[in-house]
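Dumped work_20.cif below, it's mmCIF, C-alpha atoms:
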data_structure
loop_
_atom_site.label_atom_id
_atom_site.label_comp_id
_atom_site.auth_asym_id
_atom_site.auth_seq_id
_atom_site.Cartn_x
_atom_site.Cartn_y
_atom_site.Cartn_z
CA MET W 207 92.44 190.36 120.26
CA ASN W 208 89.72 191.00 117.68
CA LEU W 209 87.75 194.12 118.50
CA THR W 210 84.29 195.00 117.21
CA SER W 211 84.13 198.45 115.66
CA VAL W 212 81.42 200.87 116.81
CA ARG W 213 81.05 204.22 115.06
CA VAL W 214 80.46 207.00 117.59
CA GLY W 215 79.60 210.56 116.55
CA PHE W 216 80.46 213.67 118.52
CA VAL W 217 80.59 217.46 118.54
CA PRO W 218 83.76 218.96 120.13
CA LEU W 219 82.81 219.85 123.69
CA LEU W 220 84.07 219.11 127.19
CA ASP W 221 81.14 216.77 127.83
CA LEU W 222 82.53 214.45 125.17
CA ALA W 223 84.91 213.25 127.88
CA PRO W 224 83.36 209.86 128.80
CA ILE W 225 83.41 208.73 125.16
CA VAL W 226 86.98 209.88 124.52
CA ILE W 227 88.25 208.42 127.79
CA ALA W 228 86.54 205.10 127.09
CA HIS W 229 88.48 205.02 123.82
CA GLU W 230 91.84 206.42 124.94
CA MET W 231 92.17 204.76 128.34
CA GLY W 232 91.24 201.26 127.25
CA PHE W 233 87.79 200.86 128.78
CA ALA W 234 86.26 200.16 125.37
CA ALA W 235 88.99 197.71 124.39
CA ALA W 236 88.46 195.85 127.67
CA GLU W 237 84.87 195.27 126.52
CA GLY W 238 86.03 194.08 123.10
CA LEU W 239 85.23 197.34 121.31
CA ALA W 240 87.16 199.61 118.97
CA LEU W 241 85.49 203.02 118.97
CA ASP W 242 85.62 204.81 115.63
CA LEU W 243 85.09 208.41 116.76
CA GLN W 244 83.65 210.68 114.08
CA ARG W 245 83.52 214.43 114.57
CA ALA W 246 80.55 216.44 113.31
CA PRO W 247 80.60 220.21 112.65
CA SER W 248 77.17 220.87 114.15
CA TRP W 249 74.31 219.24 116.04
CA SER W 250 72.14 219.07 112.95
CA SER W 251 74.89 217.18 111.12
CA LEU W 252 75.37 214.78 114.01
CA ARG W 253 71.64 214.13 114.33
CA ASP W 254 71.46 213.26 110.64
CA MET W 255 74.57 211.06 110.84
CA LEU W 256 72.86 209.07 113.61
CA LEU W 257 69.45 208.89 111.95
CA TRP W 258 70.83 207.70 108.62
CA GLY W 259 73.23 205.15 110.06
CA GLN W 260 76.55 206.89 109.38
CA VAL W 261 77.28 206.39 113.09
CA ASN W 262 75.86 203.73 115.40
CA VAL W 263 75.63 205.86 118.54
CA ALA W 264 76.28 209.49 119.38
CA GLN W 265 76.84 212.07 122.04
CA MET W 266 73.53 213.93 121.76
CA LEU W 267 71.78 216.95 123.24
CA ALA W 268 69.42 215.57 125.87
CA PRO W 269 66.22 217.10 124.39
CA VAL W 270 66.82 215.83 120.82
CA PRO W 271 65.61 212.23 121.38
CA VAL W 272 62.69 213.67 123.38
CA ALA W 273 61.73 216.03 120.56
CA MET W 274 61.87 213.19 118.07
CA ALA W 275 59.69 211.01 120.30
CA LEU W 276 57.14 213.84 120.14
CA GLY W 277 57.32 213.93 116.34
CA LEU W 278 59.31 217.17 116.23
CA GLY W 279 62.46 218.03 114.30
CA GLY W 280 61.96 215.81 111.27
CA ALA W 281 61.65 212.53 113.15
CA VAL W 282 62.40 209.56 110.90
CA ALA W 283 63.31 207.04 113.59
CA ARG W 284 63.08 206.53 117.32
CA LEU W 285 66.20 207.33 119.32
CA ASP W 286 66.82 205.58 122.63
CA VAL W 287 68.59 207.30 125.53
CA LEU W 288 70.98 204.70 126.93
CA GLN W 289 72.61 206.81 129.63
CA VAL W 290 73.42 210.40 130.50
CA LEU W 291 76.92 211.54 129.55
CA SER W 292 77.03 214.79 131.50
CA ILE W 293 75.19 216.96 133.99
CA ASN W 294 75.59 220.76 133.76
CA GLY W 295 78.63 222.16 131.93
CA ASP W 296 76.97 225.10 130.13
CA VAL W 297 77.55 228.81 130.69
CA VAL W 298 75.60 231.96 129.92
CA GLY W 299 77.83 234.75 128.64
CA VAL W 300 77.39 238.31 127.38
CA SER W 301 79.29 240.64 125.07
CA GLN W 302 81.75 243.07 126.56
CA GLY W 303 79.46 245.99 125.76
CA LEU W 304 76.58 244.35 127.61
CA ALA W 305 78.91 243.36 130.46
CA ASP W 306 79.97 246.99 130.81
CA ARG W 307 76.34 248.10 131.04
CA LEU W 308 75.64 245.40 133.64
CA ARG W 309 78.55 246.63 135.75
CA ALA W 310 77.36 250.23 135.34
CA ILE W 311 74.04 249.39 137.00
CA GLY W 312 75.80 247.58 139.85
CA HIS W 313 75.65 243.92 138.89
CA ASP W 314 78.37 242.04 140.77
CA PHE W 315 78.81 239.02 138.46
CA ALA W 316 78.67 236.76 141.49
CA PHE W 317 78.04 233.85 139.11
CA THR W 318 75.57 232.19 141.45
CA HIS W 319 72.17 233.89 141.48
CA ALA W 320 70.06 233.43 138.37
CA GLY W 321 67.28 235.68 139.67
CA SER W 322 69.47 238.73 140.25
CA ALA W 323 71.32 238.13 136.98
CA LYS W 324 68.00 238.08 135.12
CA ALA W 325 66.88 241.34 136.72
CA ALA W 326 70.19 242.98 135.84
CA LEU W 327 70.03 241.71 132.27
CA VAL W 328 66.56 243.18 131.81
CA ALA W 329 67.72 246.53 133.19
CA ALA W 330 70.85 246.65 131.03
CA SER W 331 69.38 245.49 127.72
CA ARG W 332 68.68 247.91 124.90
CA GLY W 333 66.17 246.65 122.37
CA ARG W 334 65.96 243.05 121.27
CA LEU W 335 68.62 240.76 122.77
CA ARG W 336 70.11 238.17 120.41
CA ILE W 337 71.11 235.04 122.34
CA GLY W 338 73.19 232.33 120.68
CA VAL W 339 72.26 228.69 121.36
CA PRO W 340 73.70 225.55 119.74
CA PHE W 341 70.46 223.96 118.47
CA PRO W 342 66.67 224.53 118.57
CA PHE W 343 66.16 221.35 120.61
CA SER W 344 68.71 221.67 123.39
CA THR W 345 69.08 222.02 127.13
CA HIS W 346 70.41 225.51 126.39
CA VAL W 347 67.13 226.60 124.80
CA GLU W 348 65.01 225.14 127.58
CA LEU W 349 67.13 226.67 130.34
CA VAL W 350 67.23 230.13 128.72
CA ASN W 351 63.49 230.15 128.09
CA TYR W 352 62.77 228.88 131.60
CA TRP W 353 65.09 231.46 133.14
CA LEU W 354 63.79 234.45 131.17
CA ARG W 355 60.10 233.60 131.08
CA ASP W 356 57.87 236.39 132.42
CA ALA W 357 60.88 238.75 132.54
CA GLY W 358 59.46 241.17 130.02
CA LEU W 359 62.67 240.90 128.03
CA ASP W 360 62.57 241.09 124.24
CA TYR W 361 64.94 238.39 123.00
CA GLU W 362 65.46 235.96 120.15
CA LEU W 363 67.43 232.73 120.02
CA CYS W 364 69.99 232.32 117.24
CA THR W 365 71.35 228.88 116.35
CA ILE W 366 75.16 228.80 116.20
CA PRO W 367 77.36 225.65 116.37
CA PRO W 368 79.35 225.55 119.65
CA PRO W 369 82.84 226.00 118.12
CA ARG W 370 81.61 229.17 116.38
CA MET W 371 79.98 230.75 119.42
CA ALA W 372 82.95 232.84 120.59
CA ASP W 373 83.60 234.17 117.10
CA ALA W 374 79.92 235.01 116.65
CA LEU W 375 79.98 237.02 119.88
CA ALA W 376 83.19 238.80 118.83
CA ALA W 377 81.68 239.63 115.43
CA GLY W 378 78.56 241.13 116.97
CA GLU W 379 76.26 238.45 115.54
CA VAL W 380 74.82 237.86 119.02
CA ASP W 381 74.70 239.86 122.26
CA ALA W 382 74.79 236.86 124.58
CA PHE W 383 74.93 233.06 124.48
CA CYS W 384 74.32 229.82 126.32
CA VAL W 385 76.85 227.19 125.29
CA GLY W 386 78.71 224.18 126.62
CA GLU W 387 82.26 224.49 127.84
CA PRO W 388 84.93 225.18 126.75
CA TRP W 389 83.38 227.54 124.20
CA GLY W 390 82.17 230.07 126.78
CA SER W 391 85.64 230.24 128.26
CA VAL W 392 87.09 230.60 124.77
CA ALA W 393 85.00 233.76 124.35
CA VAL W 394 86.59 235.10 127.54
CA GLU W 395 90.08 234.11 126.33
CA LEU W 396 89.44 236.04 123.10
CA GLY W 397 88.37 239.11 125.07
CA ALA W 398 84.95 238.95 123.40
CA GLY W 399 82.75 238.34 126.41
CA THR W 400 82.15 237.89 130.12
CA LEU W 401 80.41 234.92 131.72
CA LEU W 402 77.22 235.72 133.58
CA LEU W 403 76.05 232.35 134.95
CA PRO W 404 76.77 228.63 134.96
CA SER W 405 73.80 226.58 133.80
CA ARG W 406 73.60 224.89 137.21
CA ALA W 407 72.47 228.24 138.66
CA ILE W 408 69.25 227.80 136.66
CA TRP W 409 68.76 224.06 137.23
CA ALA W 410 71.27 222.41 139.54
CA VAL W 411 71.31 219.05 137.74
CA ALA W 412 70.32 219.83 134.17
CA PRO W 413 71.08 216.79 131.95
CA GLU W 414 73.18 218.13 129.11
CA LYS W 415 74.33 215.29 126.83
CA VAL W 416 73.16 211.70 126.53
CA LEU W 417 74.39 208.60 124.77
CA ALA W 418 71.77 208.00 122.08
CA ALA W 419 71.26 205.28 119.48
CA ARG W 420 68.56 204.31 117.03
CA HIS W 421 66.05 202.00 118.66
CA ASP W 422 66.37 199.45 115.88
CA TRP W 423 70.17 199.33 116.27
CA VAL W 424 69.85 198.80 120.03
CA TYR W 425 67.29 196.02 119.45
CA ALA W 426 69.54 194.30 116.91
CA ASN W 427 72.73 194.63 118.98
CA PRO W 428 71.93 193.92 122.65
CA ALA W 429 75.37 192.55 123.60
CA LEU W 430 77.20 195.34 121.80
CA THR W 431 75.00 197.92 123.49
CA GLY W 432 75.83 196.48 126.89
CA CYS W 433 79.57 196.50 126.20
CA LEU W 434 79.44 200.13 125.09
CA MET W 435 77.39 201.23 128.10
CA ARG W 436 79.79 199.56 130.54
CA ALA W 437 82.85 201.06 128.85
CA ILE W 438 81.44 204.59 129.01
CA TRP W 439 80.17 204.14 132.58
CA ARG W 440 83.66 203.05 133.69
CA ALA W 441 85.17 206.01 131.85
CA ALA W 442 82.80 208.34 133.70
CA ARG W 443 83.85 206.77 137.00
CA TRP W 444 87.51 207.35 136.06
CA LEU W 445 86.69 211.00 135.31
CA SER W 446 85.20 211.42 138.78
CA VAL W 447 88.66 210.98 140.36
CA PRO W 448 90.16 214.49 140.79
CA GLU W 449 93.68 213.29 140.07
CA ASN W 450 92.61 212.22 136.58
CA ARG W 451 91.28 215.58 135.44
CA LEU W 452 94.53 216.97 134.07
CA ILE W 453 95.15 213.81 132.06
CA ALA W 454 91.61 214.06 130.69
CA SER W 455 92.18 217.70 129.75
CA GLU W 456 95.41 216.87 127.92
CA ILE W 457 93.64 214.17 125.91
CA LEU W 458 90.58 216.28 125.11
CA ALA W 459 92.74 219.21 124.02
CA ARG W 460 94.08 217.26 121.05
CA PRO W 461 93.17 218.56 117.57
CA GLU W 462 91.04 215.52 116.77
CA TYR W 463 88.83 216.14 119.80
CA VAL W 464 88.07 219.58 121.27
CA ASN W 465 91.22 221.35 120.04
CA THR W 466 91.42 224.01 122.75
CA PRO W 467 94.10 224.85 125.36
CA VAL W 468 94.60 222.31 128.12
CA ASP W 469 94.28 224.90 130.89
CA VAL W 470 90.85 226.05 129.66
CA LEU W 471 89.51 222.50 129.78
CA ASP W 472 91.20 221.76 133.11
CA ARG W 473 89.67 224.84 134.74
CA ALA W 474 86.18 223.83 133.66
CA LEU W 475 86.64 220.29 134.94
CA ARG W 476 87.81 221.71 138.30
CA GLY W 477 85.06 224.33 138.41
CA GLU W 478 87.52 227.21 138.57
CA MET W 479 86.01 229.57 136.04
CA VAL W 480 87.73 232.67 134.70
CA ILE W 481 84.65 234.75 133.90
CA SER W 482 86.11 237.91 132.36
CA PRO W 483 89.07 239.17 130.33
CA GLN W 484 90.14 240.93 133.54
CA GLY W 485 90.83 237.51 135.06
CA GLU W 486 88.03 237.37 137.67
CA ILE W 487 87.70 233.83 139.03
CA ARG W 488 84.59 232.12 140.36
CA GLN W 489 84.53 228.70 142.02
CA VAL W 490 81.67 226.51 140.76
CA PRO W 491 81.15 223.18 142.54
CA ASP W 492 79.64 220.64 140.14
CA MET W 493 80.40 222.81 137.14
CA ILE W 494 80.17 219.58 135.17
CA ARG W 495 79.53 216.09 136.49
CA PHE W 496 79.85 212.70 134.81
CA PHE W 497 79.39 210.09 137.52
CA ASP W 498 78.65 210.94 141.14
CA GLY W 499 75.09 211.15 142.41
CA ALA W 500 73.66 208.86 139.71
CA ALA W 501 74.70 211.42 137.10
CA SER W 502 74.60 208.86 134.29
CA PHE W 503 71.18 207.41 135.11
CA PRO W 504 68.57 208.29 132.42
CA TRP W 505 65.84 209.56 134.74
CA ARG W 506 62.45 209.43 133.03
CA SER W 507 61.34 212.49 134.98
CA GLN W 508 64.11 214.60 133.44
CA ALA W 509 63.03 213.61 129.94
CA ALA W 510 59.47 214.38 131.00
CA TRP W 511 60.48 217.92 132.03
CA PHE W 512 61.81 218.55 128.53
CA ALA W 513 58.68 216.97 127.04
CA ALA W 514 56.35 219.15 129.10
CA ARG W 515 58.07 222.29 127.89
CA LEU W 516 58.19 221.16 124.27
CA ALA W 517 54.55 220.10 124.36
CA ALA W 518 53.46 223.48 125.72
CA ARG W 519 55.45 225.37 123.10
CA HIS W 520 54.28 223.26 120.16
CA GLY W 521 50.65 222.71 121.18
CA LEU W 522 50.96 218.97 121.83
CA ASP W 523 48.99 216.84 124.27
CA PRO W 524 50.97 216.86 127.55
CA ALA W 525 50.09 213.37 128.79
CA THR W 526 50.88 211.72 125.45
CA SER W 527 54.11 213.70 125.13
CA LEU W 528 55.37 212.80 128.59
CA ALA W 529 54.59 209.11 128.07
CA ALA W 530 56.53 209.11 124.79
CA ALA W 531 59.52 210.83 126.40
CA LYS W 532 59.64 208.41 129.31
CA ALA W 533 59.51 205.40 126.98
CA ILE W 534 62.81 206.25 125.26
CA CYS W 535 64.76 206.41 128.54
CA ARG W 536 66.20 202.91 128.68
CA THR W 537 66.36 202.52 132.43
CA ASP W 538 65.79 198.79 131.80
CA LEU W 539 69.00 198.49 129.82
CA TYR W 540 70.88 200.68 132.29
CA ARG W 541 69.93 198.34 135.14
CA GLN W 542 70.56 195.19 133.12
CA ASN W 543 73.93 196.19 131.69
CA LEU W 544 75.48 198.18 134.53
CA ARG W 545 74.46 196.13 137.55
CA THR W 546 77.28 193.66 136.89
CA ALA W 547 79.74 196.54 136.39
CA GLY W 548 79.13 197.65 139.97
CA ALA W 549 76.71 200.52 139.45
CA ASP W 550 74.45 201.41 142.35
CA LEU W 551 70.95 201.54 140.90
CA PRO W 552 68.14 203.76 142.21
CA GLY W 553 65.01 202.10 143.44
CA ALA W 554 62.83 204.23 141.14
CA SER W 555 63.18 205.49 137.57
CA GLU W 556 61.46 208.83 138.21
CA LYS W 557 61.72 211.47 140.90
CA LEU W 558 60.41 214.89 141.80
CA GLU W 559 62.65 217.27 139.88
CA GLY W 560 63.73 220.32 141.85
CA SER W 561 62.84 218.96 145.28
CA LEU W 562 66.34 218.41 146.68
CA HIS W 563 68.17 221.30 148.34
CA HIS W 564 70.82 219.20 150.09
CA PRO W 565 72.66 215.95 149.27
CA THR W 566 70.04 213.27 149.95
CA ALA W 567 70.34 209.51 150.48
CA VAL W 568 67.77 207.54 148.49
CA ALA W 569 66.78 203.92 148.19
CA SER W 570 69.10 201.95 145.94
CA GLU W 571 70.21 198.38 145.34
CA ARG W 572 73.50 198.80 147.17
CA GLY W 573 72.16 201.32 149.67
CA GLN W 574 74.90 203.84 148.95
CA MET W 575 73.27 206.36 146.60
CA ILE W 576 73.31 210.05 147.47
CA LEU W 577 71.62 212.41 145.04
CA ALA W 578 72.95 215.93 144.61
CA PRO W 579 70.78 219.04 145.12
CA ASP W 580 68.61 219.49 142.03
CA ALA W 581 66.77 222.76 142.69
CA PHE W 582 65.48 225.12 140.03
CA PHE W 583 66.48 228.75 140.60
CA ASP W 584 62.88 229.77 141.28
CA GLY W 585 62.07 226.95 143.69
CA GLN W 586 59.57 225.18 141.45
CA ILE W 587 59.12 221.41 141.67
CA PHE W 588 58.24 219.31 138.63
CA ASP W 589 56.06 216.25 139.23
CA SER W 590 55.62 214.30 136.01
CA SER W 591 52.83 212.21 137.53
CA ARG W 592 50.50 215.21 137.45
CA TYR W 593 50.19 215.08 133.69
#

Serialized structure, structure tokens:
Amino acid sequence: MNLTSVRVGFVPLLDLAPIVIAHEMGFAAAEGLALDLQRAPSWSSLRDMLLWGQVNVAQMLAPVPVAMALGLGGAVARLDVLQVLSINGDVVGVSQGLADRLRAIGHDFAFTHAGSAKAALVAASRGRLRIGVPFPFSTHVELVNYWLRDAGLDYELCTIPPPRMADALAAGEVDAFCVGEPWGSVAVELGAGTLLLPSRAIWAVAPEKVLAARHDWVYANPALTGCLMRAIWRAARWLSVPENRLIASEILARPEYVNTPVDVLDRALRGEMVISPQGEIRQVPDMIRFFDGAASFPWRSQAAWFAARLAARHGLDPATSLAAAKAICRTDLYRQNLRTAGADLPGASEKLEGSLHHPTAVASERGQMILAPDAFFDGQIFDSSRY
């Protein structure tokens, strides 16, 4: 069987899973594709590889295509968001010295309440807090800024590639971090830090990584795009089966992918987080999600949330920015290419972000879609139609 090669770029993280599984478990081959997976050392490198055609598609931080649609970050081409690869999966962690001060003032490290964790962090901090994040345009940056806004905390964000985050914390380059798994857990394994929060405690369904491609490549390769989307969607469905998680962890642990211990990856997939070198365990439902609850659907309202925050920070027109962000979310291609694969498709392409506090049935083509709670920690609701 002759397979068509597609070059796919990635950064070693747990949320790479749908791409790796599509390759390793035959979902790509079943669509006639041979995925040529190319590892990048940092998000800036991967962005450039995608923009200059060294890879055809890439695992990408969800806000990067949005920022480029707004003309930020050296935009040289439009990037389309084909589907979401992962929801949640990030952790906020602190150095051991800061963890000790947090414990001294009575913080319980419950790993659930962003508001109380913020108050404790403010009380325990001494001077400016240096917080490591993987990239200036990232879900990590937006969640940290949203969480700490109006806290009166003096902090700066320091860009550090994910695989270096644990070492940077151990070396005293940063006091805290927000990073995707497994690199937060690696900091715990090294004895360098303690985890303070999962990202879902700030926003319960924060889109973390997306499958992105240059708009001109998508336009020129419609059949290839459809094959790739179906392969990755089926891989995400496979990942949603609990019995498959250990197999996924064993594959992802290989040196060519994430190159970390199997048990660290497996714990994150199961939501059983070891948060401290003392071995404290916290259970985190939906620590990371790839499939259930329309996790892979590229909601225009989620892109609009990122756009609203970027526009406010960079002095851009809100209405123009939100319209540009929504336009790159290829809900049309998602519906066209995944309907025949069996995907249940929502009746709308936007929703009120932060309005769901319980699993909620919504209108869909097959009538079987239940969306997960999507609340922000402070109870705010984002309505993109108001801009």

### Which residue of W:Met575, W:Ala283, W:Leu430, W:Leu539 approaches Ala501 (chain W) most closely, using all atoms listed in the file
W:Met575

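In this comparison, which uses all atoms listed in the file, the residue of W:Arg284, W:Arg336, W:Arg370, W:Arg213 approaching Met255 (chain W) most closely is W:Arg213.
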
What lies within 10 Å of Leu327 (chain W) using all atoms listed in the file, ignoring chain neighbours under 5 positions off, as a PDB file with C-alpha atoms, in the frame of the given file?
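Output saved as part-v4.pdb:
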ATOM      1  CA  VAL W 300      77.390 238.310 127.380  1.00  0.00           C
ATOM      2  CA  LEU W 304      76.580 244.350 127.610  1.00  0.00           C
ATOM      3  CA  ALA W 305      78.910 243.360 130.460  1.00  0.00           C
ATOM      4  CA  ARG W 307      76.340 248.100 131.040  1.00  0.00           C
ATOM      5  CA  LEU W 308      75.640 245.400 133.640  1.00  0.00           C
ATOM      6  CA  ILE W 311      74.040 249.390 137.000  1.00  0.00           C
ATOM      7  CA  HIS W 313      75.650 243.920 138.890  1.00  0.00           C
ATOM      8  CA  GLY W 321      67.280 235.680 139.670  1.00  0.00           C
ATOM      9  CA  SER W 322      69.470 238.730 140.250  1.00  0.00           C
ATOM     10  CA  ARG W 332      68.680 247.910 124.900  1.00  0.00           C
ATOM     11  CA  LEU W 335      68.620 240.760 122.770  1.00  0.00           C
ATOM     12  CA  LEU W 354      63.790 234.450 131.170  1.00  0.00           C
ATOM     13  CA  ALA W 357      60.880 238.750 132.540  1.00  0.00           C
ATOM     14  CA  LEU W 359      62.670 240.900 128.030  1.00  0.00           C
ATOM     15  CA  LEU W 402      77.220 235.720 133.580  1.00  0.00           C
TER      16      LEU W 402
END

Quick one: contact table of region 298-395 of chain W to region 518-533 of chain W, 12 Å max, nearest atom pair and distance in Å to one decimal per residue, counting all atoms listed in the file, chain and number order, as CSV?
residue,atom,partner,partner_atom,distance
W:Phe343,CA,W:Arg519,CA,11.7
W:Val347,CA,W:Arg519,CA,11.9
W:Glu348,CA,W:Arg519,CA,10.6
W:Asn351,CA,W:Arg519,CA,10.6
W:Tyr352,CA,W:Arg519,CA,11.8

### Query
Evaluating the PyMOL selection byres ((chain W and resi 504-510) around 10) on the displayed file yields which residues, as a VMD selection string?
chain W and resid 268 to 269 271 to 273 287 to 291 411 to 413 416 to 417 500 to 503 511 to 516 524 to 525 527 to 538 540 552 554 to 559 588 to 591 593

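Counting all atoms listed in the file, the residue from W:Gly312, W:Gly238, W:Pro367, W:Pro342 that sits nearest to Ser251 (chain W) is W:Pro367.
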
### Task
Would you mind listing what lies within 12 Å of Gly299 (chain W) as a ChimeraX atom specification, with all atoms listed in the file counted and same-chain residues fewer than 2 positions away left out?
/W:296-297,301-305,308,315,317,323,327,336-339,350,371-372,375-376,380-387,389-394,397-405,480-482

Edge lengths and centre in Å to one decimal, as AutoDock Vina command-line options, is what I'm after for the box along x, y and z that holds all listed atoms of region 207-224 of chain W once 6 Å is added on each side.
--center_x 86.0 --center_y 205.1 --center_z 121.9 --size_x 24.8 --size_y 41.5 --size_z 25.7

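The gap separating CA of Ile227 (chain W) from CA of Ser446 (chain W) is 11.8 Å, in Å to one decimal.
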
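Among the candidate residues W:Ala235, W:Val282, W:Val212, W:Ala246, the one lying nearest to Val464 (chain W) is W:Ala246, with distances computed using all atoms listed in the file.
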
### Task
Calculate how many Å separate CA of Val270 (chain W) from CA of Ser248 (chain W), rounding to one decimal.
13.3 Å

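Closest approach to Asp580 (chain W) among W:Ile293, W:Leu285, W:Ala547, W:Leu241: W:Ile293, based on only C-alpha atoms.
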
### Task
I need the residue set behind the PyMOL selection byres ((chain W and resi 219) around 9) for this file; please write it as a list in words.
Phe216, Val217, Pro218, Leu220, Asp221, Leu222, Ala223, Pro368, Pro369, Gly386, Glu387, Pro388, Trp389, Leu458, Tyr463 and Val464 of chain W

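Counting only C-alpha atoms, the residue from W:Asp584, W:Arg460, W:Leu471, W:Arg440 that sits nearest to Gly232 (chain W) is W:Arg440.
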
### Message
Quick one: residues within 7 Å of Pro224 (chain W), all atoms listed in the file, excluding same-chain residues fewer than 4 positions away - as a PyMOL selection string?
### Response
chain W and resi 228+291+438+441-442

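The interatomic distance for the pair CA of Leu267 (chain W) and CA of Thr345 (chain W) works out to 6.9 Å.
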
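Neighbourhood of point (79.1, 207.8, 114.2): residues with an atom at most 10 Å away, counting only C-alpha atoms, are Val212, Arg213, Val214, Gly215, Phe216, Leu241, Asp242, Leu243, Gln244, Arg245, Ala246, Leu252, Arg253, Met255, Leu256, Leu257, Trp258, Gly259, Gln260, Val261, Asn262, Val263, Ala264, Gln265 and Ala419 of chain W.
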
### Message
Can you spell out as a PyMOL selection string the set of residues that the PyMOL selection byres ((chain W and resi 579) around 10) selects in the structure I just provided?
### Response
chain W and resi 409-411+499+559-566+576-578+580-582

### Who sits within 9 Å of Asp469 (chain W), all atoms listed in the file, same chain under 4 positions skipped, as a list in words
Leu452, Ser455, Glu456, Arg473 and Ala474 of chain W
